[in-house]
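Pasting input-v8.txt here (compact mmCIF, C-alpha atoms):
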```txt
# COMPACT_ATOMS: atom_id res chain seq x y z
CA MET A 1 -4.46 13.03 24.23
CA GLU A 2 -1.99 14.43 21.71
CA LYS A 3 -3.41 15.82 18.49
CA LEU A 4 -3.24 13.61 15.41
CA ASP A 5 -1.15 16.35 13.76
CA THR A 6 1.61 16.05 16.39
CA LEU A 7 1.58 12.24 16.33
CA PHE A 8 1.59 12.04 12.53
CA ARG A 9 4.48 14.51 12.24
CA HIS A 10 6.50 12.39 14.65
CA ARG A 11 5.65 9.23 12.66
CA ILE A 12 6.92 10.65 9.34
CA GLY A 13 9.72 12.87 10.67
CA VAL A 14 8.33 16.39 10.20
CA LEU A 15 9.16 19.05 12.80
CA LYS A 16 6.38 20.02 15.22
CA ASN A 17 6.54 23.71 14.38
CA GLU A 18 7.02 23.39 10.60
CA ILE A 19 4.16 25.02 8.73
CA ILE A 20 2.71 22.65 6.13
CA THR A 21 1.87 24.59 2.96
CA PHE A 22 0.75 23.57 -0.51
CA GLU A 23 4.29 24.39 -1.69
CA ASN A 24 5.97 21.89 0.64
CA LEU A 25 3.26 19.20 0.52
CA ASP A 26 5.37 17.12 -1.88
CA ILE A 27 8.07 16.78 0.84
CA VAL A 28 5.42 15.60 3.31
CA LEU A 29 4.11 13.09 0.74
CA GLU A 30 7.61 11.70 0.15
CA LYS A 31 8.25 11.33 3.89
CA THR A 32 4.88 9.61 4.31
CA ALA A 33 5.62 7.17 1.47
CA ARG A 34 9.01 6.29 2.96
CA GLU A 35 7.88 5.89 6.56
CA ILE A 36 4.38 4.40 6.37
CA PRO A 37 4.11 1.15 4.41
CA PHE A 38 1.28 0.07 2.15
CA GLU A 39 0.26 -3.28 3.65
CA ASN A 40 -2.65 -5.69 4.09
CA LEU A 41 -1.63 -7.63 7.21
CA CYS A 42 -4.84 -6.86 9.15
CA VAL A 43 -6.92 -8.21 6.27
CA ILE A 44 -4.79 -11.37 5.95
CA GLU A 45 -4.72 -11.96 9.71
CA ASN A 46 -8.45 -11.26 10.08
CA ARG A 47 -7.97 -8.49 12.67
CA THR A 48 -9.50 -5.48 10.92
CA THR A 49 -11.23 -2.83 13.04
CA ASP A 50 -13.72 -0.10 12.16
CA ILE A 51 -12.29 2.90 10.32
CA THR A 52 -12.25 5.63 12.97
CA LYS A 53 -9.78 8.37 13.83
CA GLU A 54 -8.87 6.59 17.09
CA ASN A 55 -8.33 3.20 15.40
CA LEU A 56 -6.22 4.76 12.63
CA ILE A 57 -4.01 6.49 15.21
CA ASP A 58 -3.70 3.25 17.18
CA LYS A 59 -2.77 1.17 14.13
CA ILE A 60 -0.63 3.45 11.99
CA ILE A 61 1.01 5.61 14.65
CA LYS A 62 1.04 3.73 17.95
CA ARG A 63 1.58 0.23 16.54
CA ASN A 64 3.84 1.52 13.75
CA GLU A 65 1.92 -0.38 11.08
CA GLY A 66 0.78 0.82 7.66
CA GLY A 67 -2.44 0.09 5.83
CA LEU A 68 -4.33 0.05 2.56
CA CYS A 69 -5.65 3.07 0.62
CA TYR A 70 -8.77 3.56 2.73
CA GLU A 71 -6.61 3.75 5.89
CA LEU A 72 -3.58 5.63 4.55
CA ASN A 73 -5.57 8.30 2.73
CA SER A 74 -8.01 8.63 5.65
CA ILE A 75 -5.30 9.38 8.19
CA PHE A 76 -3.67 11.75 5.69
CA TYR A 77 -7.04 13.44 5.17
CA LEU A 78 -7.29 14.05 8.93
CA PHE A 79 -3.73 15.41 8.92
CA LEU A 80 -4.53 17.73 5.98
CA ILE A 81 -7.66 19.05 7.69
CA GLU A 82 -5.77 19.74 10.94
CA ASN A 83 -3.25 21.73 8.90
CA GLY A 84 -5.90 23.92 7.33
CA PHE A 85 -6.20 22.28 3.89
CA ASN A 86 -9.47 22.09 2.01
CA SER A 87 -9.62 18.33 1.44
CA THR A 88 -12.26 15.70 0.73
CA LEU A 89 -12.05 11.93 0.43
CA VAL A 90 -13.50 10.38 -2.73
CA ARG A 91 -13.73 6.84 -4.11
CA GLY A 92 -12.61 5.28 -7.37
CA VAL A 93 -11.92 2.05 -9.24
CA THR A 94 -8.41 0.80 -10.02
CA TYR A 95 -7.51 -0.63 -13.42
CA ASP A 96 -6.54 -4.32 -13.40
CA HIS A 97 -3.71 -4.59 -15.95
CA ILE A 98 -3.55 -8.39 -15.70
CA GLU A 99 -7.23 -8.85 -16.55
CA GLN A 100 -7.28 -5.70 -18.76
CA ARG A 101 -10.44 -4.36 -17.10
CA TRP A 102 -11.65 -2.24 -14.20
CA SER A 103 -11.32 -3.98 -10.85
CA ALA A 104 -14.11 -6.36 -9.96
CA THR A 105 -14.10 -4.97 -6.40
CA GLY A 106 -15.65 -1.71 -7.67
CA ARG A 107 -15.24 1.67 -5.99
CA THR A 108 -12.74 0.56 -3.35
CA HIS A 109 -9.87 2.96 -4.04
CA VAL A 110 -9.97 5.96 -1.70
CA VAL A 111 -8.04 9.19 -2.41
CA ASN A 112 -7.88 12.83 -1.32
CA ILE A 113 -8.94 15.77 -3.46
CA ILE A 114 -7.65 19.12 -2.22
CA THR A 115 -8.70 22.54 -3.47
CA TYR A 116 -6.00 25.20 -3.49
CA ASP A 117 -6.14 28.62 -5.11
CA GLY A 118 -9.23 27.72 -7.13
CA GLN A 119 -7.71 24.52 -8.52
CA GLN A 120 -8.40 20.89 -7.58
CA TYR A 121 -5.59 18.37 -7.02
CA LEU A 122 -5.41 14.63 -6.48
CA VAL A 123 -3.39 13.62 -3.41
CA ASP A 124 -2.83 9.87 -2.95
CA THR A 125 -0.78 8.19 -0.20
CA GLY A 126 -2.30 4.73 -0.69
CA PHE A 127 -1.40 3.37 -4.13
CA GLY A 128 1.49 1.06 -3.26
CA GLY A 129 4.51 1.53 -5.52
CA ASN A 130 2.55 3.81 -7.88
CA LEU A 131 2.40 6.91 -5.67
CA PRO A 132 2.49 10.31 -7.42
CA LEU A 133 4.42 11.76 -4.41
CA LYS A 134 3.02 15.22 -5.14
CA PRO A 135 -0.37 16.81 -5.79
CA VAL A 136 -1.62 16.09 -9.34
CA PRO A 137 -3.80 18.86 -10.84
CA LEU A 138 -7.18 17.76 -12.19
CA ASN A 139 -6.72 20.04 -15.24
CA GLY A 140 -4.50 17.59 -17.19
CA ASP A 141 -1.11 19.18 -16.38
CA ILE A 142 1.67 16.63 -15.79
CA ALA A 143 3.09 16.30 -12.27
CA ILE A 144 6.68 15.00 -12.20
CA SER A 145 8.12 13.42 -9.05
CA ASN A 146 10.86 10.99 -7.99
CA ASN A 147 8.47 8.17 -8.85
CA GLY A 148 7.63 9.23 -12.41
CA GLU A 149 5.06 11.31 -14.28
CA PHE A 150 1.36 11.54 -13.46
CA ARG A 151 -1.61 13.29 -15.01
CA VAL A 152 -5.37 13.37 -14.52
CA GLU A 153 -7.85 13.61 -17.40
CA LYS A 154 -11.53 14.48 -17.29
CA VAL A 155 -13.72 11.62 -18.54
CA ASP A 156 -17.33 10.54 -18.66
CA SER A 157 -17.34 7.08 -17.09
CA GLU A 158 -19.86 5.09 -15.09
CA TYR A 159 -17.23 4.94 -12.32
CA GLY A 160 -16.24 8.59 -12.16
CA ASP A 161 -15.33 11.84 -13.87
CA HIS A 162 -11.50 11.71 -13.84
CA LEU A 163 -8.78 9.21 -14.81
CA LEU A 164 -5.28 9.00 -13.34
CA TYR A 165 -2.55 8.06 -15.82
CA MET A 166 0.98 7.21 -14.73
CA LYS A 167 4.38 6.67 -16.28
CA LEU A 168 6.52 5.18 -13.52
CA LYS A 169 10.21 6.07 -13.54
CA HIS A 170 12.48 3.26 -14.82
CA LYS A 171 9.44 0.96 -15.24
CA GLN A 172 7.09 2.37 -17.89
CA ASP A 173 7.79 4.05 -21.23
CA ASP A 174 4.14 4.72 -22.02
CA TRP A 175 1.25 6.15 -20.04
CA LYS A 176 -0.66 3.48 -18.11
CA LEU A 177 -4.12 3.68 -16.55
CA GLY A 178 -4.07 3.91 -12.75
CA TYR A 179 -7.67 4.41 -11.70
CA VAL A 180 -10.87 6.32 -12.34
CA PHE A 181 -12.45 8.37 -9.54
CA ASP A 182 -15.44 10.61 -8.95
CA SER A 183 -14.36 14.06 -7.74
CA THR A 184 -17.97 15.10 -7.10
CA VAL A 185 -19.03 12.44 -4.58
CA ALA A 186 -17.35 13.06 -1.24
CA VAL A 187 -17.06 10.49 1.54
CA LYS A 188 -19.26 12.13 4.19
CA ASN A 189 -18.06 10.06 7.13
CA LEU A 190 -15.13 7.69 7.72
CA SER A 191 -17.66 4.99 8.67
CA GLU A 192 -18.55 4.73 4.94
CA LEU A 193 -15.12 3.19 4.45
CA ASN A 194 -16.03 0.15 6.54
CA GLU A 195 -17.90 -1.03 3.43
CA VAL A 196 -14.69 -0.60 1.38
CA GLN A 197 -12.74 -2.58 3.98
CA ARG A 198 -15.38 -5.33 3.99
CA ILE A 199 -15.22 -5.69 0.18
CA ILE A 200 -11.40 -5.75 0.21
CA SER A 201 -11.47 -8.38 2.99
CA GLU A 202 -14.19 -10.64 1.57
CA HIS A 203 -14.47 -10.22 -2.22
CA PRO A 204 -13.24 -13.32 -4.07
CA GLU A 205 -11.42 -11.13 -6.63
CA SER A 206 -9.81 -8.78 -4.11
CA ARG A 207 -6.04 -8.57 -4.62
CA PHE A 208 -5.48 -8.00 -0.92
CA ASN A 209 -7.08 -10.99 0.84
CA LYS A 210 -4.91 -13.74 -0.66
CA LYS A 211 -1.37 -13.26 0.65
CA PRO A 212 0.56 -10.67 2.66
CA LEU A 213 1.99 -7.67 0.83
CA VAL A 214 4.09 -4.93 2.43
CA THR A 215 5.77 -2.17 0.42
CA ARG A 216 7.20 1.29 0.89
CA GLN A 217 9.19 3.83 -1.12
CA ASN A 218 12.82 4.71 -0.53
CA GLU A 219 15.25 7.13 -2.14
CA ARG A 220 16.07 4.95 -5.14
CA GLY A 221 12.91 2.93 -5.64
CA ASN A 222 10.88 0.73 -3.34
CA ILE A 223 10.92 -2.52 -1.40
CA ILE A 224 8.25 -5.23 -1.54
CA LEU A 225 7.81 -8.06 0.96
CA THR A 226 5.50 -11.06 0.57
CA ASP A 227 5.47 -14.34 2.48
CA THR A 228 7.59 -15.94 -0.25
CA SER A 229 9.89 -13.17 -1.56
CA PHE A 230 11.67 -9.91 -0.83
CA THR A 231 12.13 -7.54 -3.77
CA GLU A 232 14.18 -4.37 -3.89
CA TRP A 233 13.94 -1.91 -6.79
CA ILE A 234 17.08 0.23 -7.04
CA ASP A 235 17.28 2.78 -9.88
CA GLY A 236 14.99 0.63 -12.03
CA LYS A 237 16.81 -2.67 -11.41
CA GLU A 238 14.98 -5.48 -9.65
CA TYR A 239 16.69 -7.61 -6.98
CA LYS A 240 14.51 -10.46 -5.77
CA LYS A 241 15.11 -13.32 -3.36
CA GLU A 242 12.92 -16.15 -2.18
CA ILE A 243 12.22 -16.34 1.55
CA ASP A 244 10.35 -18.52 4.07
CA ASN A 245 7.93 -17.54 6.82
CA ASN A 246 10.60 -17.10 9.49
CA ILE A 247 12.58 -14.70 7.28
CA PHE A 248 9.29 -12.94 6.42
CA LYS A 249 8.74 -12.14 10.11
CA GLU A 250 12.36 -11.01 10.55
CA MET A 251 12.20 -8.74 7.49
CA LEU A 252 8.84 -7.33 8.54
CA LEU A 253 10.52 -6.01 11.68
CA ASP A 254 13.89 -5.18 10.14
CA LYS A 255 12.72 -3.44 6.95
CA PHE A 256 9.36 -2.02 8.05
CA GLY A 257 9.47 -1.87 11.86
CA ILE A 258 6.31 -4.01 12.12
CA LYS A 259 6.02 -6.74 14.74
CA SER A 260 4.24 -9.84 13.47
CA TYR A 261 1.24 -11.24 15.31
```
Starting from the coordinates I provided, produce the structure as structure tokens.
Amino acid sequence: MEKLDTLFRHRIGVLKNEIITFENLDIVLEKTAREIPFENLCVIENRTTDITKENLIDKIIKRNEGGLCYELNSIFYLFLIENGFNSTLVRGVTYDHIEQRWSATGRTHVVNIITYDGQQYLVDTGFGGNLPLKPVPLNGDIAISNNGEFRVEKVDSEYGDHLLYMKLKHKQDDWKLGYVFDSTVAVKNLSELNEVQRIISEHPESRFNKKPLVTRQNERGNIILTDTSFTEWIDGKEYKKEIDNNIFKEMLLDKFGIKSY
């Protein structure tokens, strides 16, 4: 069987022999965000499987689907490890801006922390349209990417020891809370994330078990597909149109390369 590294490179369009370094990781993150969608179709269609390396390869690479944070950051973690990075998966809690509180689903956001040259960095490929698209240092320095500005602050919270703040390009003028995470508690085994998947699938206040959501970045913004609308963000302008279920299935294939079940 081909190595995950080879398969993942093919999926996102990175050359087989290109050496992945800390310096070019932002390019890899951009390619990942453009090629692999953030989506909850398995949860909605009640066809989730255990979080294992084999199942992630089958779903995200062989079936050309995407996933939620616990899948996207897990497969990226495996890719980082195969390329010699010092990475760990950790869990956090997203901030619910509608309810103005931390998410009721608890520690269900999963991200990578890499250590490079004595410094720790947040690497997240599973935060929908809010992706930093480059490593964000845990020392408070601002990381600027095509998607906006991002910074991490040390805090003392019951949910973790660091907060991610974001200022999305074209969309936010002020810093907004993204999530809090605990950099000191590593996910020891991918099987721990089955609990995260179960909460996301079953919790009454989960944002991801109500209706389908598929989104990915592109050069000038991002596209968002639900069962009732298709939205395109281009240079900060929103273009939205209502759709029906037949058009949803067509757009799923046309815009994201995903065959509907």
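The protein and nucleic acid residues lying at most 12 Å from Asn246 (chain A) are A:Thr226, A:Asp227, A:Thr228, A:Ser229, A:Met251, A:Leu252, A:Leu253, A:Ser260, with all atoms listed in the file considered and sequence neighbours fewer than 5 positions away removed.
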Exercise for the section: With all atoms listed in the file counted, which protein, DNA or RNA residues have an atom no more than 8 Å from (14.4, 5.9, -3.9) in the file frame? Please answer as a ChimeraX atom specification. Expected result: /A:146,217-222,234-235
Which residues are near Thr105 (chain A)? Cut-off 12 Å, all atoms listed in the file, ignore same chain within fewer than 4 positions. Put them as an mmCIF file with C-alpha atoms, keeping the file's coordinate frame.
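Saved to selection39.cif:
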```
data_model
loop_
_atom_site.group_PDB
_atom_site.id
_atom_site.type_symbol
_atom_site.label_atom_id
_atom_site.label_comp_id
_atom_site.auth_asym_id
_atom_site.auth_seq_id
_atom_site.Cartn_x
_atom_site.Cartn_y
_atom_site.Cartn_z
ATOM 1 C CA GLY A 92 -12.610 5.280 -7.370
ATOM 2 C CA VAL A 93 -11.920 2.050 -9.240
ATOM 3 C CA THR A 94 -8.410 0.800 -10.020
ATOM 4 C CA TYR A 95 -7.510 -0.630 -13.420
ATOM 5 C CA ASP A 96 -6.540 -4.320 -13.400
ATOM 6 C CA ARG A 101 -10.440 -4.360 -17.100
ATOM 7 C CA HIS A 109 -9.870 2.960 -4.040
ATOM 8 C CA TYR A 159 -17.230 4.940 -12.320
ATOM 9 C CA GLU A 195 -17.900 -1.030 3.430
ATOM 10 C CA VAL A 196 -14.690 -0.600 1.380
ATOM 11 C CA GLN A 197 -12.740 -2.580 3.980
ATOM 12 C CA ARG A 198 -15.380 -5.330 3.990
ATOM 13 C CA ILE A 199 -15.220 -5.690 0.180
ATOM 14 C CA ILE A 200 -11.400 -5.750 0.210
ATOM 15 C CA SER A 201 -11.470 -8.380 2.990
ATOM 16 C CA GLU A 202 -14.190 -10.640 1.570
ATOM 17 C CA HIS A 203 -14.470 -10.220 -2.220
ATOM 18 C CA PRO A 204 -13.240 -13.320 -4.070
ATOM 19 C CA GLU A 205 -11.420 -11.130 -6.630
ATOM 20 C CA SER A 206 -9.810 -8.780 -4.110
ATOM 21 C CA ARG A 207 -6.040 -8.570 -4.620
ATOM 22 C CA PHE A 208 -5.480 -8.000 -0.920
ATOM 23 C CA ASN A 209 -7.080 -10.990 0.840
#
```
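If you look at CA of Thr125 (chain A) and CA of Glu35 (chain A), they are 11.2 Å away from each other.
Note that CA of Glu23 (chain A) and CA of Asn112 (chain A) are 16.8 Å apart.
You can rank A:Ser157, A:Ser145, A:Thr184, A:Ser191 by their closest distance to Gln120 (chain A) using only C-alpha atoms, and at the top of that list sits A:Thr184.
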Leaving out region 58-71 of chain A and any residue of its chain fewer than 3 positions from it, which residues lie within 9 Å of it when counting all atoms listed in the file, given as a short mmCIF file (atom, residue, chain, number, x, y, z; two decimals) with C-alpha atoms, in the frame of the given file?
```cif
data_model
loop_
_atom_site.label_atom_id
_atom_site.label_comp_id
_atom_site.auth_asym_id
_atom_site.auth_seq_id
_atom_site.Cartn_x
_atom_site.Cartn_y
_atom_site.Cartn_z
CA LEU A 7 1.58 12.24 16.33
CA PHE A 8 1.59 12.04 12.53
CA HIS A 10 6.50 12.39 14.65
CA ARG A 11 5.65 9.23 12.66
CA GLU A 35 7.88 5.89 6.56
CA ILE A 36 4.38 4.40 6.37
CA PRO A 37 4.11 1.15 4.41
CA PHE A 38 1.28 0.07 2.15
CA GLU A 39 0.26 -3.28 3.65
CA ASN A 40 -2.65 -5.69 4.09
CA LEU A 41 -1.63 -7.63 7.21
CA CYS A 42 -4.84 -6.86 9.15
CA ILE A 51 -12.29 2.90 10.32
CA LYS A 53 -9.78 8.37 13.83
CA GLU A 54 -8.87 6.59 17.09
CA ASN A 55 -8.33 3.20 15.40
CA SER A 74 -8.01 8.63 5.65
CA ILE A 75 -5.30 9.38 8.19
CA PHE A 76 -3.67 11.75 5.69
CA THR A 108 -12.74 0.56 -3.35
CA HIS A 109 -9.87 2.96 -4.04
CA VAL A 110 -9.97 5.96 -1.70
CA VAL A 111 -8.04 9.19 -2.41
CA ASP A 124 -2.83 9.87 -2.95
CA THR A 125 -0.78 8.19 -0.20
CA GLY A 126 -2.30 4.73 -0.69
CA PHE A 127 -1.40 3.37 -4.13
CA GLY A 128 1.49 1.06 -3.26
CA LEU A 193 -15.12 3.19 4.45
CA ASN A 194 -16.03 0.15 6.54
CA VAL A 196 -14.69 -0.60 1.38
CA GLN A 197 -12.74 -2.58 3.98
CA PHE A 208 -5.48 -8.00 -0.92
CA VAL A 214 4.09 -4.93 2.43
CA PHE A 256 9.36 -2.02 8.05
CA GLY A 257 9.47 -1.87 11.86
CA ILE A 258 6.31 -4.01 12.12
CA LYS A 259 6.02 -6.74 14.74
#
```
Near region 24-31 of chain A, 8 Å: region 133-212 of chain A residue rows, closest pairs, only C-alpha atoms, as a tab-separated table:
```
residue	atom	partner	partner_atom	distance
A:Leu133	CA	A:Leu29	CA	5.3
A:Lys134	CA	A:Asp26	CA	4.4
A:Pro135	CA	A:Asp26	CA	7.0
```
Which residues are close to Pro132 (chain A), i.e. within 8 Å by all atoms listed in the file, leaving aside same-chain residues fewer than 4 positions away? Reply as a PDB file with C-alpha atoms, in the coordinates of the input.
```
ATOM      1  CA  VAL A 123      -3.390  13.620  -3.410  1.00  0.00           C
ATOM      2  CA  ASP A 124      -2.830   9.870  -2.950  1.00  0.00           C
ATOM      3  CA  VAL A 136      -1.620  16.090  -9.340  1.00  0.00           C
ATOM      4  CA  ALA A 143       3.090  16.300 -12.270  1.00  0.00           C
ATOM      5  CA  ILE A 144       6.680  15.000 -12.200  1.00  0.00           C
ATOM      6  CA  SER A 145       8.120  13.420  -9.050  1.00  0.00           C
ATOM      7  CA  ASN A 147       8.470   8.170  -8.850  1.00  0.00           C
ATOM      8  CA  GLY A 148       7.630   9.230 -12.410  1.00  0.00           C
ATOM      9  CA  GLU A 149       5.060  11.310 -14.280  1.00  0.00           C
ATOM     10  CA  PHE A 150       1.360  11.540 -13.460  1.00  0.00           C
TER      11      PHE A 150
END
```
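Going from CA of Asn46 (chain A) over to CA of Lys210 (chain A), you cover 11.6 Å.
Checking A:Thr32, A:Glu45, A:Val155, A:Asn139 one by one against Arg216 (chain A), counting only C-alpha atoms, you find the shortest gap at A:Thr32.
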Using 5 Å of padding on each side, determine the axis-aligned box around all atoms of region 83-102 of chain A present in the file and give its centre and edge lengths in Å to one decimal, as lines of an AutoDock Vina configuration file.
```
center_x = -8.5
center_y = 7.5
center_z = -4.9
size_x = 20.5
size_y = 42.8
size_z = 37.7
```
Fill in the blank from the handout: Using only C-alpha atoms, the shortest atom-to-atom distance to Leu190 (chain A) among A:Ile44, A:Asn83, A:Ile19, A:Thr52 belongs to A:Thr52
Problem - Thr6 (chain A) environment, 10 Å, all atoms listed in the file, sequence neighbours closer than 2 positions dropped, as a PyMOL selection string - result: chain A and resi 2-4+8-11+14-17+79+82
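Proximity to Glu242 (chain A) was assessed for A:Leu225, A:Ser87, A:Arg151, A:Leu56 counting only C-alpha atoms; the smallest distance is recorded for A:Leu225.
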Practice task
Select, from A:Glu99, A:Arg91, A:Val180, A:Phe22, the residue with the minimum atom-to-atom distance to Thr115 (chain A), counting all atoms listed in the file.
Solution key: A:Phe22
